Every structure is written in structure tokens, then in C-alpha cells.
file my_file-v6.cif (mmCIF, C-alpha atoms)
data_data
#
loop_
_atom_site.label_atom_id
_atom_site.label_comp_id
_atom_site.auth_asym_id
_atom_site.auth_seq_id
_atom_site.Cartn_x
_atom_site.Cartn_y
_atom_site.Cartn_z
CA MET A 1330 23.57 -17.64 -24.90
CA LYS A 1331 26.52 -18.32 -22.58
CA LEU A 1332 26.73 -17.48 -18.87
CA LYS A 1333 29.87 -16.78 -16.84
CA ALA A 1334 30.18 -16.14 -13.09
CA PHE A 1335 32.62 -13.88 -11.25
CA GLN A 1336 33.46 -12.62 -7.78
CA LEU A 1337 33.62 -8.84 -7.60
CA ASP A 1338 36.21 -7.25 -5.28
CA ILE A 1339 36.08 -3.47 -4.93
CA PRO A 1340 37.59 -1.76 -1.85
CA PHE A 1341 35.41 0.68 0.09
CA ARG A 1342 36.46 4.25 0.71
CA GLU A 1343 35.81 3.63 4.41
CA THR A 1344 34.96 0.71 6.67
CA VAL A 1345 31.25 0.05 7.19
CA SER A 1346 30.14 -1.47 10.49
CA HIS A 1347 26.99 -2.56 12.29
CA ALA A 1348 26.05 -5.11 14.94
CA SER A 1349 26.22 -8.09 12.55
CA ALA A 1350 29.26 -7.33 10.39
CA THR A 1351 32.14 -5.04 9.48
CA ARG A 1352 33.07 -4.62 5.80
CA GLN A 1353 35.96 -3.05 3.92
CA LYS A 1354 35.15 -4.25 0.38
CA THR A 1355 32.39 -5.68 -1.76
CA GLU A 1356 31.26 -9.28 -1.50
CA SER A 1357 29.35 -9.58 -4.75
CA PHE A 1358 28.44 -12.31 -7.22
CA LEU A 1359 28.47 -11.13 -10.82
CA VAL A 1360 26.92 -12.98 -13.79
CA LEU A 1361 27.54 -12.04 -17.42
CA VAL A 1362 25.56 -13.22 -20.45
CA TYR A 1363 27.17 -13.49 -23.88
CA ASP A 1364 25.71 -13.89 -27.36
CA SER A 1365 28.63 -15.33 -29.32
CA ASP A 1366 31.46 -13.10 -28.08
CA GLU A 1367 29.30 -10.07 -27.37
CA LEU A 1368 28.48 -9.19 -23.77
CA ILE A 1369 24.74 -8.53 -23.64
CA GLY A 1370 23.64 -9.03 -20.03
CA ILE A 1371 24.96 -8.17 -16.55
CA GLY A 1372 23.59 -9.14 -13.15
CA GLU A 1373 24.65 -8.82 -9.51
CA GLY A 1374 23.83 -10.48 -6.20
CA CYS A 1375 25.19 -9.87 -2.70
CA PRO A 1376 25.25 -13.09 -0.64
CA ARG A 1377 25.13 -12.56 3.12
CA ALA A 1378 25.44 -15.51 5.49
CA TYR A 1379 23.60 -13.71 8.31
CA VAL A 1380 20.67 -12.80 6.02
CA THR A 1381 20.04 -15.75 3.70
CA GLY A 1382 22.79 -18.21 4.66
CA GLU A 1383 24.58 -17.70 1.34
CA SER A 1384 28.25 -17.28 0.43
CA LEU A 1385 30.11 -16.64 -2.81
CA GLN A 1386 30.86 -20.37 -2.95
CA SER A 1387 27.22 -21.35 -2.51
CA CYS A 1388 26.31 -18.89 -5.29
CA TYR A 1389 28.73 -20.55 -7.65
CA THR A 1390 27.51 -24.02 -6.66
CA PHE A 1391 23.95 -22.97 -7.54
CA PHE A 1392 25.15 -21.34 -10.78
CA HIS A 1393 27.10 -24.45 -11.81
CA GLN A 1394 24.12 -26.71 -11.05
CA TYR A 1395 21.75 -24.88 -13.40
CA CYS A 1396 24.01 -23.12 -15.91
CA ASP A 1397 23.54 -25.57 -18.80
CA VAL A 1398 19.74 -25.46 -18.50
CA LEU A 1399 19.69 -21.67 -18.20
CA GLU A 1400 21.77 -21.26 -21.34
CA GLU A 1401 18.99 -22.95 -23.31
CA ILE A 1402 16.30 -20.44 -22.24
CA ARG A 1403 15.34 -18.20 -25.12
CA ASP A 1404 12.61 -15.87 -23.85
CA LEU A 1405 10.83 -14.42 -20.83
CA GLU A 1406 8.23 -17.18 -20.72
CA GLY A 1407 10.97 -19.77 -20.63
CA LEU A 1408 12.60 -17.94 -17.73
CA LYS A 1409 9.31 -17.80 -15.82
CA THR A 1410 8.79 -21.53 -16.42
CA PHE A 1411 12.24 -22.22 -14.97
CA ILE A 1412 11.41 -20.10 -11.92
CA SER A 1413 8.11 -21.87 -11.25
CA SER A 1414 9.80 -25.28 -11.65
CA ASN A 1415 12.67 -24.45 -9.28
CA CYS A 1416 11.02 -22.29 -6.60
CA SER A 1417 12.40 -24.21 -3.64
CA SER A 1418 16.01 -24.03 -4.84
CA ILE A 1419 15.71 -20.34 -5.73
CA GLU A 1420 14.28 -19.53 -2.28
CA LYS A 1421 17.40 -21.08 -0.72
CA ASN A 1422 19.75 -19.19 -3.07
CA PRO A 1423 18.16 -15.75 -3.63
CA ALA A 1424 21.36 -13.73 -4.14
CA ALA A 1425 22.69 -16.24 -6.64
CA TRP A 1426 19.40 -16.26 -8.52
CA CYS A 1427 19.20 -12.46 -8.40
CA ALA A 1428 22.48 -12.12 -10.29
CA ILE A 1429 21.44 -14.74 -12.86
CA GLU A 1430 17.93 -13.35 -13.38
CA LEU A 1431 19.12 -9.74 -13.77
CA ALA A 1432 21.74 -10.77 -16.34
CA ILE A 1433 19.24 -12.79 -18.38
CA LEU A 1434 16.54 -10.10 -18.23
CA ASP A 1435 19.11 -7.48 -19.28
CA ALA A 1436 20.11 -9.69 -22.22
CA PHE A 1437 16.53 -10.37 -23.34
CA ALA A 1438 15.58 -6.69 -23.15
CA LYS A 1439 18.67 -5.61 -25.09
CA GLN A 1440 18.00 -8.21 -27.78
CA ARG A 1441 14.49 -6.76 -28.19
CA GLY A 1442 15.61 -3.14 -27.96
CA GLU A 1443 13.41 -2.59 -24.88
CA THR A 1444 13.93 -1.32 -21.37
CA ILE A 1445 13.59 -3.77 -18.49
CA GLU A 1446 10.24 -2.14 -17.70
CA GLN A 1447 8.97 -2.65 -21.25
CA LEU A 1448 10.12 -6.27 -21.29
CA LEU A 1449 8.21 -6.97 -18.05
CA SER A 1450 5.15 -4.86 -19.00
CA LEU A 1451 5.71 -2.53 -16.04
CA LYS A 1452 5.23 1.20 -15.52
CA PRO A 1453 7.98 3.28 -17.15
CA LEU A 1454 10.90 4.27 -14.97
CA GLU A 1455 10.31 7.51 -13.07
CA LYS A 1456 12.62 10.44 -13.74
CA CYS A 1457 14.00 10.91 -10.23
CA PHE A 1458 14.18 9.16 -6.87
CA GLN A 1459 15.10 10.41 -3.40
CA PHE A 1460 17.40 8.31 -1.21
CA ASP A 1461 18.06 8.54 2.53
CA GLY A 1462 21.39 8.69 4.32
CA VAL A 1463 22.61 5.66 6.29
CA LEU A 1464 24.75 6.25 9.39
CA ASP A 1465 26.64 3.23 10.66
CA ALA A 1466 27.63 2.14 14.15
CA LYS A 1467 31.07 3.77 14.28
CA SER A 1468 32.68 6.05 16.83
CA PHE A 1469 31.11 9.46 17.43
CA SER A 1470 33.87 11.26 15.53
CA ALA A 1471 33.35 9.07 12.46
CA PHE A 1472 29.59 9.51 12.81
CA THR A 1473 29.87 13.33 12.83
CA ARG A 1474 31.98 13.22 9.67
CA GLN A 1475 29.28 11.16 7.98
CA VAL A 1476 26.56 13.58 9.09
CA LYS A 1477 28.49 16.58 7.77
CA ARG A 1478 28.88 14.92 4.36
CA TYR A 1479 25.14 14.26 4.19
CA GLU A 1480 24.30 17.76 5.40
CA ALA A 1481 26.49 19.22 2.66
CA LEU A 1482 24.18 17.47 0.18
CA GLY A 1483 21.05 18.68 1.94
CA ILE A 1484 20.04 15.19 3.11
CA THR A 1485 17.88 15.20 6.25
CA ARG A 1486 16.33 11.69 6.17
CA PHE A 1487 18.44 9.04 7.92
CA LYS A 1488 18.69 5.47 9.05
CA LEU A 1489 20.97 5.21 12.10
CA LYS A 1490 22.67 1.90 12.91
CA LEU A 1491 22.47 1.42 16.68
CA SER A 1492 25.62 0.27 18.46
CA GLY A 1493 24.03 -1.03 21.67
CA ASP A 1494 26.12 1.47 23.62
CA LEU A 1495 23.32 3.63 25.04
CA GLU A 1496 25.48 6.64 25.85
CA LEU A 1497 27.02 6.66 22.36
CA ASP A 1498 23.65 6.18 20.64
CA GLN A 1499 22.08 8.95 22.77
CA LYS A 1500 24.86 11.30 21.74
CA LYS A 1501 24.27 10.50 18.08
CA VAL A 1502 20.50 10.92 18.39
CA CYS A 1503 21.02 14.29 20.04
CA THR A 1504 23.01 15.39 16.98
CA LEU A 1505 20.08 14.32 14.78
CA SER A 1506 17.39 16.09 16.82
CA ARG A 1507 16.73 18.92 14.39
CA SER A 1508 13.03 19.26 13.70
CA ASP A 1509 13.43 18.77 9.95
CA TYR A 1510 15.18 15.41 10.32
CA GLN A 1511 13.34 12.12 9.78
CA LEU A 1512 14.94 9.20 11.60
CA ARG A 1513 14.76 5.41 11.53
CA VAL A 1514 17.06 3.16 13.54
CA ASP A 1515 18.47 -0.27 12.75
CA ALA A 1516 19.50 -2.65 15.53
CA ASN A 1517 20.69 -5.59 13.39
CA ASN A 1518 19.23 -8.10 15.88
CA LEU A 1519 20.94 -6.63 18.96
CA TRP A 1520 18.45 -7.84 21.60
CA SER A 1521 16.64 -11.02 22.62
CA THR A 1522 13.38 -9.66 24.02
CA ALA A 1523 10.87 -6.93 23.28
CA ALA A 1524 11.23 -5.69 26.85
CA GLU A 1525 14.91 -4.92 26.26
CA VAL A 1526 14.05 -3.10 23.04
CA ASN A 1527 11.27 -1.02 24.57
CA THR A 1528 13.47 0.01 27.50
CA TYR A 1529 16.39 0.95 25.24
CA LEU A 1530 14.21 3.03 22.93
CA GLU A 1531 12.61 4.84 25.87
CA GLU A 1532 16.03 5.69 27.30
CA LEU A 1533 17.35 6.60 23.86
CA GLY A 1534 14.82 9.42 23.71
CA ALA A 1535 14.63 9.58 19.93
CA GLN A 1536 11.65 10.49 17.79
CA ILE A 1537 11.80 7.63 15.29
CA ILE A 1538 9.35 6.36 12.72
CA ALA A 1539 10.44 2.70 13.09
CA ILE A 1540 13.15 0.33 14.31
CA GLU A 1541 14.66 -2.28 12.00
CA GLU A 1542 15.40 -5.85 13.17
CA PRO A 1543 15.56 -5.23 16.94
CA VAL A 1544 15.41 -8.90 18.05
CA GLY A 1545 16.32 -12.30 16.60
CA ALA A 1546 15.39 -12.78 12.96
CA LYS A 1547 11.82 -14.06 12.52
CA ASP A 1548 11.09 -14.02 16.26
CA PHE A 1549 7.57 -12.78 15.54
CA THR A 1550 6.37 -13.42 19.09
CA GLU A 1551 8.78 -10.79 20.44
CA ILE A 1552 8.43 -8.55 17.38
CA GLY A 1553 4.70 -8.29 18.07
CA LYS A 1554 5.39 -6.91 21.57
CA ILE A 1555 7.61 -4.03 20.46
CA GLU A 1556 5.96 -0.65 21.00
CA LYS A 1557 7.44 1.09 17.95
CA PRO A 1558 6.73 -0.05 14.37
CA VAL A 1559 9.26 -2.64 13.23
CA ILE A 1560 11.01 -2.84 9.86
CA LEU A 1561 11.46 -6.48 8.84
CA ASP A 1562 14.67 -7.24 6.97
CA GLU A 1563 16.26 -10.56 7.94
CA SER A 1564 12.76 -11.39 9.19
CA PHE A 1565 11.32 -10.95 5.70
CA THR A 1566 12.74 -13.29 3.08
CA GLY A 1567 9.57 -14.83 1.65
CA ALA A 1568 5.77 -14.84 1.49
CA VAL A 1569 5.37 -16.95 4.64
CA ASP A 1570 6.86 -14.12 6.72
CA LEU A 1571 4.16 -11.69 5.57
CA SER A 1572 1.41 -13.70 7.25
CA ARG A 1573 3.27 -13.55 10.59
CA ALA A 1574 4.18 -9.88 10.48
CA PRO A 1575 2.32 -7.32 12.66
CA THR A 1576 0.05 -5.11 10.57
CA SER A 1577 2.04 -2.07 11.74
CA ALA A 1578 5.27 -3.44 10.26
CA PHE A 1579 7.37 -2.23 7.36
CA VAL A 1580 9.10 -4.69 5.01
CA ASN A 1581 12.55 -4.05 3.58
CA LEU A 1582 12.60 -4.80 -0.17
CA ARG A 1583 16.20 -5.68 -0.94
CA ILE A 1584 16.44 -7.11 -4.46
CA SER A 1585 19.35 -9.47 -3.76
CA LYS A 1586 17.86 -10.78 -0.50
CA LEU A 1587 14.49 -11.48 -2.13
CA GLY A 1588 15.83 -13.15 -5.26
CA GLY A 1589 15.66 -10.69 -8.13
CA ILE A 1590 13.20 -8.29 -9.71
CA LEU A 1591 10.35 -10.71 -10.45
CA ARG A 1592 10.21 -12.19 -6.95
CA THR A 1593 10.59 -8.77 -5.29
CA LEU A 1594 7.69 -7.38 -7.33
CA GLU A 1595 5.49 -10.31 -6.30
CA LEU A 1596 6.37 -10.01 -2.61
CA ALA A 1597 5.90 -6.23 -2.65
CA ARG A 1598 2.39 -6.69 -4.06
CA LYS A 1599 1.54 -9.22 -1.37
CA ALA A 1600 2.90 -6.95 1.38
CA GLN A 1601 0.90 -4.04 0.02
CA GLN A 1602 -2.28 -6.15 -0.08
CA ARG A 1603 -1.78 -6.96 3.60
CA GLY A 1604 -1.41 -3.27 4.40
CA LEU A 1605 2.28 -3.39 5.30
CA LYS A 1606 4.49 -0.39 4.58
CA LEU A 1607 7.40 -0.63 2.16
CA VAL A 1608 11.06 0.37 2.42
CA MET A 1609 13.32 0.06 -0.63
CA GLY A 1610 16.59 -1.24 0.81
CA CYS A 1611 20.03 -2.30 -0.38
CA GLN A 1612 23.00 -4.46 0.58
CA VAL A 1613 26.21 -2.71 1.60
CA GLY A 1614 28.56 -2.58 -1.39
CA GLU A 1615 26.01 -2.81 -4.19
CA THR A 1616 27.07 -1.44 -7.56
CA SER A 1617 24.84 0.46 -9.97
CA ILE A 1618 23.51 -2.85 -11.32
CA LEU A 1619 21.44 -3.55 -8.19
CA THR A 1620 20.62 0.15 -7.84
CA ARG A 1621 19.09 0.07 -11.33
CA ALA A 1622 17.05 -3.02 -10.40
CA ALA A 1623 15.81 -1.24 -7.26
CA LEU A 1624 14.70 1.75 -9.35
CA CYS A 1625 12.58 -0.58 -11.44
CA VAL A 1626 10.76 -1.94 -8.38
CA SER A 1627 10.58 1.47 -6.74
CA SER A 1628 8.82 2.94 -9.78
CA GLN A 1629 6.03 0.38 -9.46
CA PHE A 1630 5.29 1.23 -5.80
CA SER A 1631 6.39 4.85 -5.56
CA GLU A 1632 3.29 6.01 -3.67
CA HIS A 1633 3.72 3.30 -1.04
CA ILE A 1634 7.47 3.41 -0.35
CA THR A 1635 8.30 5.19 2.90
CA ALA A 1636 12.07 5.31 2.43
CA ARG A 1637 14.80 4.36 -0.02
CA GLU A 1638 18.35 3.25 0.78
CA GLY A 1639 21.13 2.72 -1.72
CA ALA A 1640 22.67 4.40 -4.78
CA PHE A 1641 25.92 4.84 -2.82
CA SER A 1642 28.12 3.95 -5.81
CA VAL A 1643 31.34 6.01 -5.63
CA HIS A 1644 30.34 7.60 -2.32
CA LEU A 1645 31.34 4.21 -0.85
CA LEU A 1646 33.06 2.23 -3.62
CA THR A 1647 36.50 3.27 -4.83
CA THR A 1648 35.10 2.62 -8.31
CA ASP A 1649 31.80 1.57 -9.79
CA ILE A 1650 31.76 -0.91 -12.66
CA THR A 1651 29.23 0.51 -15.14
CA GLU A 1652 28.74 3.43 -17.46
CA PRO A 1653 26.70 5.31 -16.48
CA PHE A 1654 26.79 4.80 -12.72
CA LEU A 1655 23.82 5.64 -10.49
CA CYS A 1656 24.77 7.70 -7.44
CA PHE A 1657 22.71 10.02 -5.25
CA GLY A 1658 23.57 13.69 -5.31
CA GLU A 1659 22.07 16.85 -3.84
CA PHE A 1660 19.12 16.17 -1.51
CA GLY A 1661 19.72 12.44 -2.03
CA MET A 1662 18.33 12.57 -5.57
CA VAL A 1663 19.10 10.07 -8.33
CA HIS A 1664 18.08 11.20 -11.79
CA SER A 1665 17.38 8.31 -14.13
CA GLY A 1666 17.64 10.20 -17.42
CA SER A 1667 20.81 8.35 -18.45
CA VAL A 1668 19.03 4.97 -18.31
CA LEU A 1669 15.41 6.07 -18.76
CA LYS A 1670 14.95 4.79 -22.32
CA ALA A 1671 18.11 2.72 -22.84
CA PRO A 1672 17.68 -0.99 -23.67
CA GLY A 1673 17.86 -3.48 -20.82
CA LEU A 1674 19.20 -2.03 -17.58
CA GLY A 1675 20.81 0.75 -19.61
CA LEU A 1676 24.23 -0.05 -18.14
CA GLU A 1677 27.48 -1.24 -19.74
CA LEU A 1678 30.57 -2.60 -18.01
CA ILE A 1679 33.52 -0.23 -18.13
CA GLN A 1680 36.94 -1.49 -19.24
CA ASP A 1681 38.58 -1.15 -15.81
CA THR A 1682 36.00 -3.55 -14.32
CA TRP A 1683 37.98 -6.62 -15.26
CA ALA A 1684 40.69 -5.80 -12.72
CA CYS A 1685 38.04 -6.16 -9.97
CA MET A 1686 36.61 -9.46 -11.21
CA HIS A 1687 37.80 -12.97 -10.40
CA SER A 1688 36.40 -15.87 -12.39
CA LEU A 1689 34.29 -18.41 -10.51
CA SER A 1690 33.67 -20.59 -13.56
CA LYS A 1691 35.84 -22.24 -16.13
CA HIS A 1692 35.91 -20.71 -19.58
CA ARG A 1693 32.93 -22.11 -21.48
#
call {"tool": "encode", "arguments": {"input": "my_file-v6.cif", "output": "C-alpha cells"}}
result
Amino acid sequence: MKLKAFQLDIPFRETVSHASATRQKTESFLVLVYDSDELIGIGEGCPRAYVTGESLQSCYTFFHQYCDVLEEIRDLEGLKTFISSNCSSIEKNPAAWCAIELAILDAFAKQRGETIEQLLSLKPLEKCFQFDGVLDAKSFSAFTRQVKRYEALGITRFKLKLSGDLELDQKKVCTLSRSDYQLRVDANNLWSTAAEVNTYLEELGAQIIAIEEPVGAKDFTEIGKIEKPVILDESFTGAVDLSRAPTSAFVNLRISKLGGILRTLELARKAQQRGLKLVMGCQVGETSILTRAALCVSSQFSEHITAREGAFSVHLLTTDITEPFLCFGEFGMVHSGSVLKAPGLGLELIQDTWACMHSLSKHR
């Protein structure tokens, strides 16, 4: 088994913006697994400095440090042994490990002729999943164009990125005030205190089910004072955060942020045991590789997941990199029939992918 690492550069169809960042293309770490010259495993991670402190360079540094050892792993038990022996390093490099783990799991499952779910002794993949629309912090004209595109698909469940401009955000909320809409908002750590958050939400006048990351990441003292339920994203990166979270909180399960399928499954179980609600999230610019991983986790907790974000694929990317690709359609639905029983993740790289990939490792 040989591993290779790449940077993936795919332009977006439109700029994506929120309080912490503005993006025009992917920033993804791709790992491929080969058996002789045959490509048998693919994995993806999305490093974000403002979430986990990672970069593409730090991902490659981690990859280079452990690559030789990883290439000697032959089965799932060996992979789990590696994880338990290197927990501290993996916790510091979750996006890097996510890409590596997904690629190795995909390879192992394909070698055995099993789905990822069968390999991991999980529930079978469900046949369909509903995803919500995400509205970013752009101008009102750009926002209305986004809403119209979602409405054309029959999507009425949204997460709205707040801009911090009260008048602009009020105008957007007014547009989303139809009785059949369900709304969450995401502040991306806009404020310093709970008092500021509570005042803003009162003046905003929106009927929301929760607010995501309103204050500084992991500022649980202030988070506990916020009157609306809080969705923890940057404030939830490991098990220690669960013990500090208010019991009314939601946790955002983003596969890349949490370090792959196995770690996400474990943390989701712990969150559920504590009575916390679950949101299945994504990183901006994910390809179908991470969407497929999210479907695996989502199937295991389907009755407890309040919302799902992701499966944007070619709605956002100028091209996806796999065949098939997983993209929401009418009513936000993703139908998993194309990968339901296929070995591994059920995805194969398409030929045009190589134009989007830049090697981060020397030829091995």
C-alpha cells in the first residue's frame, strides 16, 4: 500500500463569505492509496486555521511524519491501533488525519468488496437524506438570488450567516419570514459577550431554532448566558468540549474538523449520551468524498440529527472530482442509490481531476 498527498484547487461558481473568511476556491487536502499501480482509496480533509489551526502545509507535515508507518498497516485493527497510539497528534491535525483515514478505509473496504458501513459494522446507508440551504453574509441582492435558487428547488430550511449589520440582517430575516421556513443563524464568532448576542437577536426579530458560534470559540462562560440554544462548531472539536457545553446546545458534526469517520462517530455517541442535539455540518468547498463520509455518520444517528448541511458539489464547485458525485436536488434531497451497495465509499476519481491536483509529496 502506497500513500500520496495532494492539494486540491477547484474554483467556486461564486464567492462564499462569512464573518471569519471569504473563499473563491477549495482549500482541500487529498490523500490517495495505491495497491501497486492501482488507485484503491481516496480521502479528503479541509484544513481551516480559524477552526483547528491547520493549513495545507501542516497537513503535509503530518502526512510526511507518519506516511511510512501508515503504509505498513494491513487491516482495520491495525488502523485502530495506530489511532489509539497517536491520539494526541491526531487531535492536533484532524483534517490531515481525516483525509488519510478516509483513503485507507476506502481502500480496505474495496479490497474486501464491502461498503464502508459493512467494513465498520455500522447500519446500512439510508436511501435518501434531506439537506438545508446555507445563505452567506453577502449583499442583499446576492442573498435574494441565493434564496430564489433554493426556492426553485423547494428548499425551505435554512442556515443564515449573519453579517453583524443589523439593518441588512433584519432585511434578510424579513425575506425568510414565511411560516413554512425553518431558520438557524450562524454568527461565526461575531461578538464578545452574551449580552451583545441577546440584544442583537432581540432586535433582529427572527424566529430561529438556534444560533451558531455567537461569541469567541470555547468561551463557555458567555455561551451559557445566551438565551437562544447555541450550536457549537469551533467550540466543539473534542470530547472535553462536551462536558462544558450547556445541555440545551447543539453540536456541529463536521467530519474534517473532528478527524474522520471513526472519531466523529465516537463523539456523536458521547454528545447523544449527554442529551445534546446533533447537526450534520460541512466545510465550504467539500467534494463528494466528504459528503459520502457525512452520509455514513448521518445514517447512524438519523433520528437525532436536527439539520444537515453539505452536498453542494456542482452547485458551488465548477467541477466535482468523483463519479458519481453527490449533490442535493429537489427539496434538498440526496439519493444514495448510486453508492448504496458499492464497495468502499462507492466513488472513483474522474480523469479530469488531475488538472485540479497539485502534488504535496515526492513520487514514492
call {"tool": "closest_residue", "arguments": {"input": "my_file-v6.cif", "among": "A:Leu1596, A:Cys1375, A:Cys1457, A:Ile1412", "to": "A:Ala1425", "atoms": "all atoms listed in the file"}}
result
A:Cys1375
call {"tool": "resolve_selection", "arguments": {"input": "my_file-v6.cif", "expression": "the PyMOL selection byres ((chain A and resi 1544) around 7)", "output": "MDAnalysis selection string"}}
result
chainID A and resid 1518:1522 1542:1543 1545:1546 1548
call {"tool": "closest_residue", "arguments": {"input": "my_file-v6.cif", "among": "A:Glu1446, A:Asp1562, A:Asp1461, A:Asp1515", "to": "A:Ser1628", "atoms": "all atoms listed in the file"}}
result
A:Glu1446
call {"tool": "resolve_selection", "arguments": {"input": "my_file-v6.cif", "expression": "the PyMOL selection byres ((chain A and resi 1439) around 10)", "output": "number ranges by chain"}}
result
A: 1369-1370, 1433-1438, 1440-1445, 1448, 1671-1675
call {"tool": "atom_distance", "arguments": {"input": "my_file-v6.cif", "atom1": "atom CA of A:Ala1471", "atom2": "atom CA of A:Gly1493"}}
result
16.5 Å
call {"tool": "residues_around", "arguments": {"input": "my_file-v6.cif", "residues": "stretch 1645-1649 of chain A", "least_positions_apart": "5", "cutoff": "7 Å", "atoms": "only C-alpha atoms", "output": "MDAnalysis selection string"}}
result
chainID A and resid 1339:1343 1614 1616 1654
call {"tool": "write_last_selection", "arguments": {"input": "my_file-v6.cif", "atoms": "C-alpha atoms", "output": "PDB file, in the frame of the given file"}}
result
ATOM      1  CA  ILE A1339      36.080  -3.470  -4.930  1.00  0.00           C
ATOM      2  CA  PRO A1340      37.590  -1.760  -1.850  1.00  0.00           C
ATOM      3  CA  PHE A1341      35.410   0.680   0.090  1.00  0.00           C
ATOM      4  CA  ARG A1342      36.460   4.250   0.710  1.00  0.00           C
ATOM      5  CA  GLU A1343      35.810   3.630   4.410  1.00  0.00           C
ATOM      6  CA  GLY A1614      28.560  -2.580  -1.390  1.00  0.00           C
ATOM      7  CA  THR A1616      27.070  -1.440  -7.560  1.00  0.00           C
ATOM      8  CA  PHE A1654      26.790   4.800 -12.720  1.00  0.00           C
TER       9      PHE A1654
END
call {"tool": "closest_residue", "arguments": {"input": "my_file-v6.cif", "among": "A:Val1345, A:Ile1371, A:Ala1622, A:Met1330", "to": "A:Ile1402", "atoms": "all atoms listed in the file"}}
result
A:Met1330
call {"tool": "atom_distance", "arguments": {"input": "my_file-v6.cif", "atom1": "atom CA of A:Pro1558", "atom2": "atom CA of A:Gly1658"}}
result
29.3 Å
call {"tool": "atom_distance", "arguments": {"input": "my_file-v6.cif", "atom1": "atom CA of A:Arg1598", "atom2": "atom CA of A:Val1613"}}
result
24.8 Å
call {"tool": "residues_around", "arguments": {"input": "my_file-v6.cif", "residues": "A:Ala1424", "least_positions_apart": "4", "cutoff": "12 Å", "atoms": "all atoms listed in the file", "output": "PyMOL selection string"}}
result
chain A and resi 1356-1360+1372-1378+1380-1389+1391-1392+1418-1420+1428-1431+1566+1583-1590+1592-1593+1612+1615+1619
call {"tool": "residues_around", "arguments": {"input": "my_file-v6.cif", "residues": "A:Met1609", "least_positions_apart": "3", "cutoff": "12 Å", "atoms": "all atoms listed in the file", "output": "NGL selection string"}}
result
:A and (1458-1461 or 1560-1562 or 1579-1587 or 1593-1594 or 1597 or 1606 or 1612 or 1619-1620 or 1622-1631 or 1633-1640)
call {"tool": "resolve_selection", "arguments": {"input": "my_file-v6.cif", "expression": "the PyMOL selection byres ((chain A and resi 1502-1509) around 12)", "output": "MDAnalysis selection string"}}
result
chainID A and resid 1462 1464 1469:1470 1472:1477 1479:1480 1483:1492 1495:1501 1510:1514 1530 1532:1537
call {"tool": "residues_around", "arguments": {"input": "my_file-v6.cif", "residues": "A:Arg1573", "least_positions_apart": "4", "cutoff": "9 Å", "atoms": "all atoms listed in the file", "output": "MDAnalysis selection string"}}
result
chainID A and resid 1547 1549 1569
call {"tool": "closest_residue", "arguments": {"input": "my_file-v6.cif", "among": "A:Gly1553, A:Pro1653, A:Gly1407, A:Gly1610", "to": "A:Val1668", "atoms": "all atoms listed in the file"}}
result
A:Pro1653
call {"tool": "residues_around", "arguments": {"input": "my_file-v6.cif", "residues": "A:Ser1688", "least_positions_apart": "2", "cutoff": "7 Å", "atoms": "only C-alpha atoms", "output": "count of residues only"}}
result
5
call {"tool": "closest_residue", "arguments": {"input": "my_file-v6.cif", "among": "A:Ser1572, A:Ser1577, A:Thr1651, A:Thr1355", "to": "A:Val1559", "atoms": "all atoms listed in the file"}}
result
A:Ser1577
call {"tool": "closest_residue", "arguments": {"input": "my_file-v6.cif", "among": "A:Glu1455, A:Asp1570, A:Glu1677, A:Asp1494", "to": "A:Ser1468", "atoms": "only C-alpha atoms"}}
result
A:Asp1494
call {"tool": "decode", "arguments": {"input": "my_file-v6.cif", "residues": "stretch 1423-1434 of chain A", "atoms": "C-alpha atoms", "output": "compact mmCIF listing (two decimals), in the first residue's frame"}}
result
# COMPACT_ATOMS: atom_id res chain seq x y z
CA PRO A 1423 -7.86 16.39 12.46
CA ALA A 1424 -8.25 17.47 8.81
CA ALA A 1425 -5.00 15.81 7.83
CA TRP A 1426 -5.98 12.62 9.62
CA CYS A 1427 -9.48 12.74 8.13
CA ALA A 1428 -8.09 12.59 4.60
CA ILE A 1429 -5.70 9.76 5.50
CA GLU A 1430 -8.28 7.72 7.40
CA LEU A 1431 -10.95 8.03 4.68
CA ALA A 1432 -8.48 6.94 1.99
CA ILE A 1433 -7.32 3.92 4.00
CA LEU A 1434 -10.86 2.87 4.97
